[in-house]
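**Student:** Input structure: entry.csv, which contains CSV, C-alpha atoms.
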```csv
chain,number,residue,atom,x,y,z
A,1,MET,CA,-44.7,1.0,-29.6
A,2,ALA,CA,-42.9,-1.2,-32.1
A,3,ASP,CA,-39.6,-0.5,-30.4
A,4,GLU,CA,-41.1,-1.2,-27.0
A,5,VAL,CA,-42.5,-4.5,-28.2
A,6,LEU,CA,-39.2,-5.5,-29.6
A,7,SER,CA,-37.5,-4.5,-26.4
A,8,GLN,CA,-39.9,-6.7,-24.5
A,9,ASN,CA,-39.2,-9.6,-26.8
A,10,GLU,CA,-35.5,-9.1,-26.3
A,11,ILE,CA,-36.0,-9.0,-22.6
A,12,ASP,CA,-38.1,-12.2,-22.7
A,13,ALA,CA,-35.4,-13.9,-24.8
A,14,LEU,CA,-32.7,-12.8,-22.5
A,15,LEU,CA,-34.6,-14.0,-19.4
A,16,SER,CA,-35.1,-17.4,-21.2
A,17,ALA,CA,-31.4,-17.6,-21.9
A,18,LEU,CA,-30.5,-16.7,-18.4
A,19,SER,CA,-33.0,-19.2,-17.0
A,20,SER,CA,-31.5,-21.9,-19.3
A,21,GLY,CA,-28.0,-20.9,-18.3
A,22,GLU,CA,-28.9,-21.2,-14.6
A,23,MET,CA,-30.2,-24.7,-15.1
A,24,ASP,CA,-27.0,-25.6,-16.9
A,25,ALA,CA,-25.0,-24.2,-14.0
A,26,ASN,CA,-27.0,-26.1,-11.5
A,27,GLN,CA,-26.6,-29.3,-13.5
A,28,LEU,CA,-22.8,-28.8,-13.5
A,29,LYS,CA,-22.8,-28.3,-9.7
A,30,GLU,CA,-24.8,-31.5,-9.2
A,31,GLU,CA,-22.4,-33.4,-11.4
A,32,GLU,CA,-19.5,-32.0,-9.4
A,33,LYS,CA,-21.1,-33.2,-6.2
A,34,GLU,CA,-21.5,-36.7,-7.5
A,35,LYS,CA,-18.7,-39.1,-6.7
A,36,LYS,CA,-16.1,-39.1,-9.4
A,37,VAL,CA,-15.1,-42.4,-10.9
A,38,LYS,CA,-11.4,-43.2,-10.6
A,39,VAL,CA,-9.7,-45.5,-13.0
A,40,TYR,CA,-8.1,-48.5,-11.2
A,41,ASP,CA,-5.1,-50.2,-12.6
A,42,PHE,CA,-5.2,-53.8,-11.6
A,43,LYS,CA,-1.6,-54.2,-12.7
A,44,ARG,CA,-0.5,-51.8,-10.0
A,45,ALA,CA,-2.8,-53.1,-7.2
A,46,LEU,CA,-1.9,-51.4,-3.9
A,47,ARG,CA,-2.2,-54.2,-1.3
A,48,PHE,CA,-0.4,-52.5,1.5
A,49,SER,CA,-1.5,-49.5,3.5
A,50,LYS,CA,0.7,-46.5,4.1
A,51,ASP,CA,0.9,-47.6,7.8
A,52,GLN,CA,2.2,-51.0,6.8
A,53,ILE,CA,4.7,-49.5,4.3
A,54,ARG,CA,6.0,-47.3,7.2
A,55,SER,CA,6.4,-50.4,9.4
A,56,ILE,CA,8.4,-52.1,6.7
A,57,SER,CA,10.6,-49.0,6.2
A,58,ARG,CA,11.2,-48.9,10.0
A,59,ILE,CA,12.3,-52.6,10.0
A,60,HIS,CA,14.7,-52.0,7.2
A,61,ASP,CA,16.1,-48.8,8.8
A,62,ASN,CA,17.3,-51.1,11.6
A,63,PHE,CA,18.5,-53.7,9.1
A,64,ALA,CA,20.5,-51.0,7.2
A,65,ARG,CA,22.3,-50.0,10.4
A,66,LEU,CA,23.1,-53.6,11.3
A,67,LEU,CA,24.3,-54.3,7.7
A,68,SER,CA,26.5,-51.2,7.7
A,69,THR,CA,28.3,-52.5,10.9
A,70,TYR,CA,28.6,-56.0,9.5
A,71,PHE,CA,30.1,-55.0,6.1
A,72,SER,CA,32.4,-52.4,7.8
A,73,ALA,CA,33.9,-55.2,9.9
A,74,GLN,CA,34.1,-57.7,7.1
A,75,LEU,CA,35.5,-55.3,4.5
A,76,ARG,CA,37.6,-53.2,6.9
A,77,THR,CA,36.5,-49.9,5.2
A,78,TYR,CA,33.8,-47.2,5.5
A,79,VAL,CA,30.4,-48.6,4.7
A,80,HIS,CA,27.2,-46.6,4.9
A,81,ILE,CA,23.7,-48.0,4.1
A,82,SER,CA,20.4,-46.2,4.5
A,83,VAL,CA,16.8,-46.8,3.2
A,84,ALA,CA,16.2,-44.7,0.1
A,85,SER,CA,12.6,-45.7,-0.7
A,86,VAL,CA,10.0,-48.4,0.0
A,87,ASP,CA,7.5,-48.9,-2.9
A,88,GLN,CA,4.9,-51.5,-3.9
A,89,ILE,CA,4.9,-52.3,-7.6
A,90,PRO,CA,4.2,-55.3,-9.8
A,91,TYR,CA,6.9,-58.0,-9.9
A,92,GLU,CA,7.3,-57.5,-13.7
A,93,GLU,CA,8.1,-53.9,-13.2
A,94,PHE,CA,10.8,-54.8,-10.6
A,95,ILE,CA,12.4,-57.2,-13.0
A,96,ARG,CA,12.5,-54.6,-15.8
A,97,SER,CA,14.0,-52.0,-13.5
A,98,ILE,CA,17.2,-53.9,-12.6
A,99,PRO,CA,20.2,-54.4,-15.0
A,100,THR,CA,20.3,-57.4,-17.2
A,101,LYS,CA,23.7,-58.3,-15.6
A,102,THR,CA,23.6,-57.9,-11.9
A,103,ILE,CA,24.0,-60.0,-8.7
A,104,LEU,CA,20.8,-61.6,-7.4
A,105,ASN,CA,20.5,-63.6,-4.2
A,106,VAL,CA,17.3,-65.6,-3.5
A,107,TYR,CA,16.5,-66.4,0.1
A,108,SER,CA,13.8,-68.5,1.7
A,109,VAL,CA,12.4,-67.1,4.9
A,110,GLU,CA,10.8,-70.0,6.7
A,111,PRO,CA,8.3,-70.3,8.3
A,112,LEU,CA,6.9,-67.7,5.8
A,113,ASP,CA,5.9,-68.9,2.4
A,114,GLY,CA,7.7,-67.8,-0.8
A,115,ARG,CA,11.1,-66.3,-1.3
A,116,ILE,CA,12.7,-62.9,-1.4
A,117,ILE,CA,15.4,-61.4,-3.6
A,118,PHE,CA,18.4,-59.2,-2.8
A,119,GLU,CA,19.7,-57.4,-5.8
A,120,PHE,CA,23.2,-56.0,-5.5
A,121,ASN,CA,24.3,-53.3,-7.9
A,122,PRO,CA,27.5,-54.4,-9.8
A,123,ASN,CA,29.4,-51.4,-8.5
A,124,ILE,CA,28.7,-52.4,-4.9
A,125,ALA,CA,29.2,-56.1,-5.4
A,126,TYR,CA,32.6,-55.7,-7.0
A,127,ALA,CA,33.7,-53.1,-4.6
A,128,MET,CA,33.1,-55.7,-1.9
A,129,LEU,CA,34.9,-58.4,-3.8
A,130,ASP,CA,37.9,-56.1,-4.4
A,131,ARG,CA,38.1,-55.3,-0.7
A,132,MET,CA,38.0,-59.0,0.3
A,133,LEU,CA,40.8,-59.7,-2.1
A,134,GLY,CA,43.0,-57.0,-0.6
A,135,GLY,CA,42.2,-54.2,-3.0
A,136,LYS,CA,41.1,-50.6,-2.4
A,137,GLY,CA,37.5,-51.2,-3.1
A,138,GLY,CA,37.4,-50.3,-6.8
A,139,SER,CA,34.4,-51.4,-9.0
A,140,LEU,CA,34.8,-53.7,-11.9
A,141,ASN,CA,32.0,-54.3,-14.4
A,142,LYS,CA,32.5,-58.0,-15.2
A,143,ILE,CA,29.4,-59.7,-14.0
A,144,ASP,CA,29.2,-61.9,-17.0
A,145,SER,CA,32.5,-63.6,-16.2
A,146,LEU,CA,32.2,-64.4,-12.5
A,147,THR,CA,34.6,-67.2,-11.6
A,148,GLU,CA,33.7,-70.0,-9.1
A,149,ILE,CA,36.0,-68.4,-6.5
A,150,GLU,CA,34.4,-65.0,-6.8
A,151,THR,CA,30.9,-66.5,-6.7
A,152,THR,CA,31.9,-68.5,-3.5
A,153,LEU,CA,33.4,-65.4,-1.8
A,154,LEU,CA,30.3,-63.2,-2.5
A,155,SER,CA,27.9,-66.0,-1.5
A,156,GLN,CA,29.7,-66.5,1.8
A,157,LEU,CA,29.7,-62.8,2.5
A,158,PHE,CA,26.0,-62.4,1.8
A,159,GLU,CA,25.0,-65.6,3.6
A,160,GLN,CA,26.9,-64.6,6.8
A,161,GLY,CA,24.9,-61.3,6.8
A,162,LEU,CA,21.6,-63.1,7.2
A,163,ASP,CA,21.8,-62.8,11.0
A,164,ASN,CA,21.2,-59.1,10.6
A,165,LEU,CA,18.0,-59.7,8.6
A,166,GLN,CA,16.8,-62.2,11.1
A,167,GLU,CA,17.5,-59.7,14.0
A,168,ALA,CA,15.8,-56.8,12.1
A,169,TRP,CA,12.6,-58.8,11.5
A,170,GLY,CA,12.7,-60.2,15.1
A,171,SER,CA,10.4,-57.4,16.4
A,172,VAL,CA,7.6,-58.7,14.1
A,173,THR,CA,8.2,-62.4,13.5
A,174,GLU,CA,10.9,-65.0,13.8
A,175,ILE,CA,12.4,-66.0,10.4
A,176,ASP,CA,15.1,-68.3,9.3
A,177,PRO,CA,16.6,-66.8,6.1
A,178,ILE,CA,18.6,-69.3,4.0
A,179,LEU,CA,20.5,-68.5,0.7
A,180,GLU,CA,19.0,-70.8,-1.9
A,181,ASP,CA,20.1,-69.4,-5.3
A,182,PHE,CA,22.8,-67.1,-6.7
A,183,GLU,CA,22.0,-65.6,-10.1
A,184,VAL,CA,23.3,-62.8,-12.5
A,185,ASN,CA,20.4,-62.7,-14.9
A,186,PRO,CA,17.0,-61.5,-13.7
A,187,GLN,CA,15.2,-63.1,-16.6
A,188,PHE,CA,15.9,-66.5,-15.1
A,189,LEU,CA,14.0,-65.6,-11.9
A,190,GLN,CA,10.3,-66.1,-11.8
A,191,LEU,CA,9.3,-66.2,-8.2
A,192,VAL,CA,5.7,-65.0,-8.6
A,193,SER,CA,3.3,-64.0,-11.4
A,194,PRO,CA,4.2,-60.8,-13.3
A,195,ASN,CA,1.2,-58.9,-11.9
A,196,GLU,CA,1.8,-60.0,-8.3
A,197,THR,CA,2.4,-57.0,-6.0
A,198,VAL,CA,5.9,-56.9,-4.4
A,199,VAL,CA,7.4,-54.5,-1.9
A,200,VAL,CA,10.8,-53.1,-3.1
A,201,VAL,CA,13.1,-51.7,-0.4
A,202,SER,CA,15.9,-49.7,-2.0
A,203,LEU,CA,19.0,-49.2,0.2
A,204,ASP,CA,21.5,-46.5,-0.8
A,205,THR,CA,24.9,-48.0,-0.2
A,206,THR,CA,28.4,-46.4,-0.1
A,207,ILE,CA,31.5,-48.6,0.2
A,208,GLY,CA,34.7,-46.5,0.2
A,209,ASP,CA,34.6,-44.5,-3.0
A,210,SER,CA,32.0,-46.7,-4.7
A,211,SER,CA,28.2,-46.2,-4.4
A,212,GLY,CA,25.1,-48.0,-5.7
A,213,MET,CA,21.9,-49.6,-4.6
A,214,ILE,CA,20.8,-52.8,-2.9
A,215,ASN,CA,17.2,-53.7,-3.7
A,216,ILE,CA,15.2,-56.1,-1.6
A,217,CYS,CA,12.1,-57.6,-3.3
A,218,ILE,CA,9.5,-59.0,-1.0
A,219,PRO,CA,6.4,-60.6,-2.7
A,220,HIS,CA,3.0,-60.1,-1.1
A,221,VAL,CA,2.7,-63.9,-0.5
A,222,VAL,CA,5.6,-63.7,1.9
A,223,LEU,CA,4.1,-60.8,4.0
A,224,GLU,CA,0.5,-61.9,3.8
A,225,PRO,CA,0.5,-64.0,7.0
A,226,ILE,CA,2.1,-61.2,9.1
A,227,ILE,CA,0.3,-58.1,7.6
A,228,PRO,CA,-1.7,-57.5,10.8
A,229,LYS,CA,1.6,-57.3,12.7
A,230,LEU,CA,2.8,-54.5,10.4
A,231,SER,CA,0.4,-51.9,11.9
A,232,VAL,CA,1.4,-49.3,14.4
A,233,HIS,CA,-1.4,-50.5,16.7
A,234,TYR,CA,0.1,-53.9,16.9
A,235,TRP,CA,3.6,-52.5,17.6
A,236,MET,CA,2.3,-50.3,20.4
A,237,GLN,CA,0.2,-53.1,21.9
A,238,ASN,CA,3.2,-55.5,21.7
A,239,GLU,CA,5.4,-53.0,23.5
A,240,ASN,CA,2.9,-52.5,26.3
A,241,THR,CA,2.1,-56.1,26.9
A,242,LYS,CA,5.6,-57.5,26.5
A,243,GLU,CA,6.7,-59.4,29.6
A,244,ARG,CA,10.1,-60.7,30.4
A,245,LYS,CA,10.4,-64.5,29.9
A,246,PRO,CA,11.6,-66.6,32.8
A,247,GLU,CA,14.6,-67.9,30.9
A,248,GLU,CA,15.6,-64.3,30.1
A,249,TYR,CA,15.3,-63.3,33.8
A,250,GLN,CA,17.4,-66.4,34.8
A,251,SER,CA,20.1,-65.6,32.2
A,252,LEU,CA,20.2,-62.0,33.4
A,253,ALA,CA,20.5,-63.0,37.1
A,254,ARG,CA,23.2,-65.6,36.2
A,255,ASN,CA,25.3,-63.0,34.4
A,256,ILE,CA,25.0,-60.5,37.2
A,257,LYS,CA,26.1,-63.0,39.7
A,258,GLN,CA,29.3,-63.6,37.7
A,259,THR,CA,30.2,-59.9,37.6
A,260,SER,CA,33.5,-59.1,39.2
A,261,ILE,CA,33.6,-56.4,41.9
A,262,ASP,CA,36.6,-54.7,43.7
A,263,LEU,CA,36.9,-55.3,47.5
A,264,SER,CA,39.2,-53.4,49.8
A,265,VAL,CA,39.6,-53.2,53.6
A,266,ILE,CA,40.5,-49.9,55.3
A,267,LEU,CA,42.9,-50.5,58.2
A,268,GLY,CA,42.4,-47.0,59.4
A,269,GLU,CA,42.6,-43.3,58.6
A,270,THR,CA,44.2,-40.2,60.0
A,271,SER,CA,45.0,-36.6,59.1
A,272,ILE,CA,48.4,-34.9,59.2
A,273,THR,CA,49.7,-31.5,58.1
A,274,LEU,CA,51.5,-31.0,54.8
A,275,GLU,CA,54.6,-30.1,56.8
A,276,GLU,CA,54.5,-33.4,58.7
A,277,PHE,CA,54.0,-35.2,55.4
A,278,LEU,CA,57.0,-33.5,53.8
A,279,PHE,CA,59.3,-34.5,56.7
A,280,LEU,CA,58.2,-38.1,56.9
A,281,GLY,CA,61.1,-40.5,57.1
A,282,ARG,CA,61.9,-44.2,57.7
A,283,GLY,CA,61.0,-45.2,61.2
A,284,ASP,CA,58.3,-42.6,61.7
A,285,THR,CA,55.0,-43.8,63.1
A,286,ILE,CA,51.6,-42.6,62.0
A,287,MET,CA,48.7,-43.1,64.4
A,288,LEU,CA,45.5,-44.3,62.8
A,289,ASN,CA,42.0,-43.8,64.1
A,290,LYS,CA,41.4,-47.5,64.6
A,291,GLY,CA,42.2,-49.5,67.7
A,292,ILE,CA,43.6,-53.1,67.4
A,293,ASP,CA,40.4,-54.4,68.9
A,294,MET,CA,38.0,-52.4,66.6
A,295,PRO,CA,36.4,-53.8,63.5
A,296,LEU,CA,37.6,-52.6,60.0
A,297,SER,CA,35.4,-51.5,57.1
A,298,LEU,CA,35.1,-53.6,54.0
A,299,MET,CA,34.7,-51.4,50.9
A,300,VAL,CA,32.8,-52.5,47.8
A,301,ASP,CA,33.6,-50.2,44.9
A,302,GLN,CA,34.6,-47.4,47.4
A,303,GLU,CA,31.4,-47.9,49.4
A,304,PRO,CA,31.5,-49.3,53.0
A,305,LYS,CA,29.3,-52.4,53.2
A,306,PHE,CA,30.6,-54.7,56.0
A,307,TYR,CA,32.4,-54.6,59.4
A,308,VAL,CA,35.2,-57.2,59.3
A,309,GLN,CA,37.9,-58.6,61.6
A,310,ALA,CA,41.4,-58.9,60.3
A,311,GLY,CA,43.3,-62.2,60.5
A,312,LYS,CA,45.0,-65.0,58.5
A,313,GLN,CA,43.8,-67.9,56.4
A,314,LYS,CA,46.4,-70.4,55.2
A,315,GLN,CA,49.3,-68.0,55.6
A,316,LYS,CA,47.4,-65.3,53.7
A,317,LEU,CA,45.9,-62.1,55.1
A,318,ALA,CA,42.1,-62.4,55.3
A,319,VAL,CA,39.1,-60.8,57.0
A,320,GLN,CA,36.0,-62.3,58.5
A,321,VAL,CA,32.7,-60.5,58.0
A,322,ILE,CA,31.1,-59.5,61.4
A,323,GLU,CA,28.0,-57.6,60.3
A,324,GLU,CA,26.6,-55.4,57.5
A,325,ILE,CA,27.0,-51.7,57.7
A,326,LYS,CA,23.6,-50.1,57.8
A,327,GLY,CA,22.9,-46.6,56.4
A,328,GLY,CA,24.6,-44.0,58.5
A,329,ASP,CA,26.5,-46.5,60.8
A,330,GLU,CA,29.9,-45.5,59.3
A,331,ASP,CA,29.2,-41.8,59.8
A,332,ASP,CA,28.0,-42.4,63.4
A,333,GLU,CA,31.2,-44.2,64.3
```
Just give me the structure as structure tokens.
**Tutor:**
Amino acid sequence: MADEVLSQNEIDALLSALSSGEMDANQLKEEEKEKKVKVYDFKRALRFSKDQIRSISRIHDNFARLLSTYFSAQLRTYVHISVASVDQIPYEEFIRSIPTKTILNVYSVEPLDGRIIFEFNPNIAYAMLDRMLGGKGGSLNKIDSLTEIETTLLSQLFEQGLDNLQEAWGSVTEIDPILEDFEVNPQFLQLVSPNETVVVVSLDTTIGDSSGMINICIPHVVLEPIIPKLSVHYWMQNENTKERKPEEYQSLARNIKQTSIDLSVILGETSITLEEFLFLGRGDTIMLNKGIDMPLSLMVDQEPKFYVQAGKQKQKLAVQVIEEIKGGDEDDE
């Protein structure tokens, strides 16, 4: 009996433990179902959606192609530029990520507020400079000793490429980029507060045998007025509702009217055998299928368009249009 009592006590204790264990398990399940708290870093505030980042990437894909063509023409060498990444980070992090000695161009983009930064890696900048001065495009690391002539040459090269940026952004908004500052030390640039979110577009650039990065820093304050236009919905709606402007239609019609076309008049046609052709000589006569009183065909780019009458105008051969050739008229004749 004692053993049986002990066994019963053990069973009761075991059941109690199991019951307590089940409650603990249920409590764990309830906790898992509860919404987990995620730590938010205010220094890395994500103020752009993935959709908007994709739109910015698409814009700069086009910009990279335009810039490749521009630099290839200016430097007369192979240039390839492509978008490597598009990220949103604090401005302070962007400043820390670029070399202490580099080439920085600051642009205003009116009518948008704020300014944007183009950072050219020294390898790329000096390969450009070497090509402009007649070299092979080698890279020289001498940013701290830029001469006035070198600064002027690079500034002019970058400034003339702004049309490509304007064209790339034209699908979203009209901007007028202007080069405002040329700097080599990022510590001297304080466009926005350190914690301000900026979009950094990194362009992988190859010029001849030299390669490096071009980084474009766009503060949130610049993009804030046009953020709604960076959505795919806006792009699709804009494509569907876009109408041709009257001035565009007039310009297109004016250019078409000034297009040159080739005209020719067929005096007549006939067919002969190859043997007859081989024995043709001076003084031989070939009979055509057109009588002297029959109208001739005026050809426009090898297509018969008008019946004409041959004649002269101020001692020059000319034709007078009689009527338009309708579909099938030439064949019927």
**Student:** How far is it from atom CA of A:Lys101 to atom CA of A:Phe118, in Å with one decimal?
**Tutor:**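 Distance reported for this atom pair: 13.9 Å.
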**Student:** Quick one, how far is atom CA of A:Val308 from atom CA of A:Val265?
**Tutor:**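 Atom CA of A:Val265 lies 8.2 Å from atom CA of A:Val308.
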**Student:** From (25.0, -52.9, -6.1), in the file's coordinates, out to 8 Å: which residues are reached, counting all atoms listed in the file? Answer as an MDAnalysis selection string.
**Tutor:** chainID A and resid 102:103 119:125 205 211:214
**Student:** Place a sphere of radius 8 Å on (28.3, -48.6, 6.4) in the file coordinates and name every protein, DNA or RNA residue with an atom inside or on its surface, counting all atoms listed in the file; give the answer as a list of chain:residue names.
**Tutor:**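 Nearby residues: A:Arg65, A:Leu67, A:Ser68, A:Thr69, A:Phe71, A:Ser72, A:Tyr78, A:Val79, A:His80, A:Ile81, A:Thr205, A:Thr206, A:Ile207.
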**Student:** Name all residues at most 8 Å from A:Pro194 (count all atoms listed in the file; drop same-chain ones fewer than 4 positions away) and give them as a list in words.
**Tutor:**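 Those residues are Pro90, Tyr91, Glu92 and Glu93 of chain A.
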**Student:** Which of these, A:Gln313, A:Asn195, A:Thr100, A:Ser171, has the shortest distance to A:Glu183 once you count only C-alpha atoms?
**Tutor:**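 Comparing A:Gln313, A:Asn195, A:Thr100, A:Ser171 against A:Glu183, the winner is A:Thr100.
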**Student:** For a quick check of understanding, using all atoms listed in the file, which of A:Thr147, A:Ser231, A:Gln190, A:Ile116 has the smallest distance to A:Ile178?
**Tutor:**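 Nearest candidate to A:Ile178 out of A:Thr147, A:Ser231, A:Gln190, A:Ile116: A:Ile116.
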**Student:** For a quick check of understanding, using all atoms listed in the file, which of A:Val319, A:Ile256, A:Leu129, A:Ile56 has the smallest distance to A:Thr151?
**Tutor:**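 Of A:Val319, A:Ile256, A:Leu129, A:Ile56, the one nearest A:Thr151 is A:Leu129, counting all atoms listed in the file.
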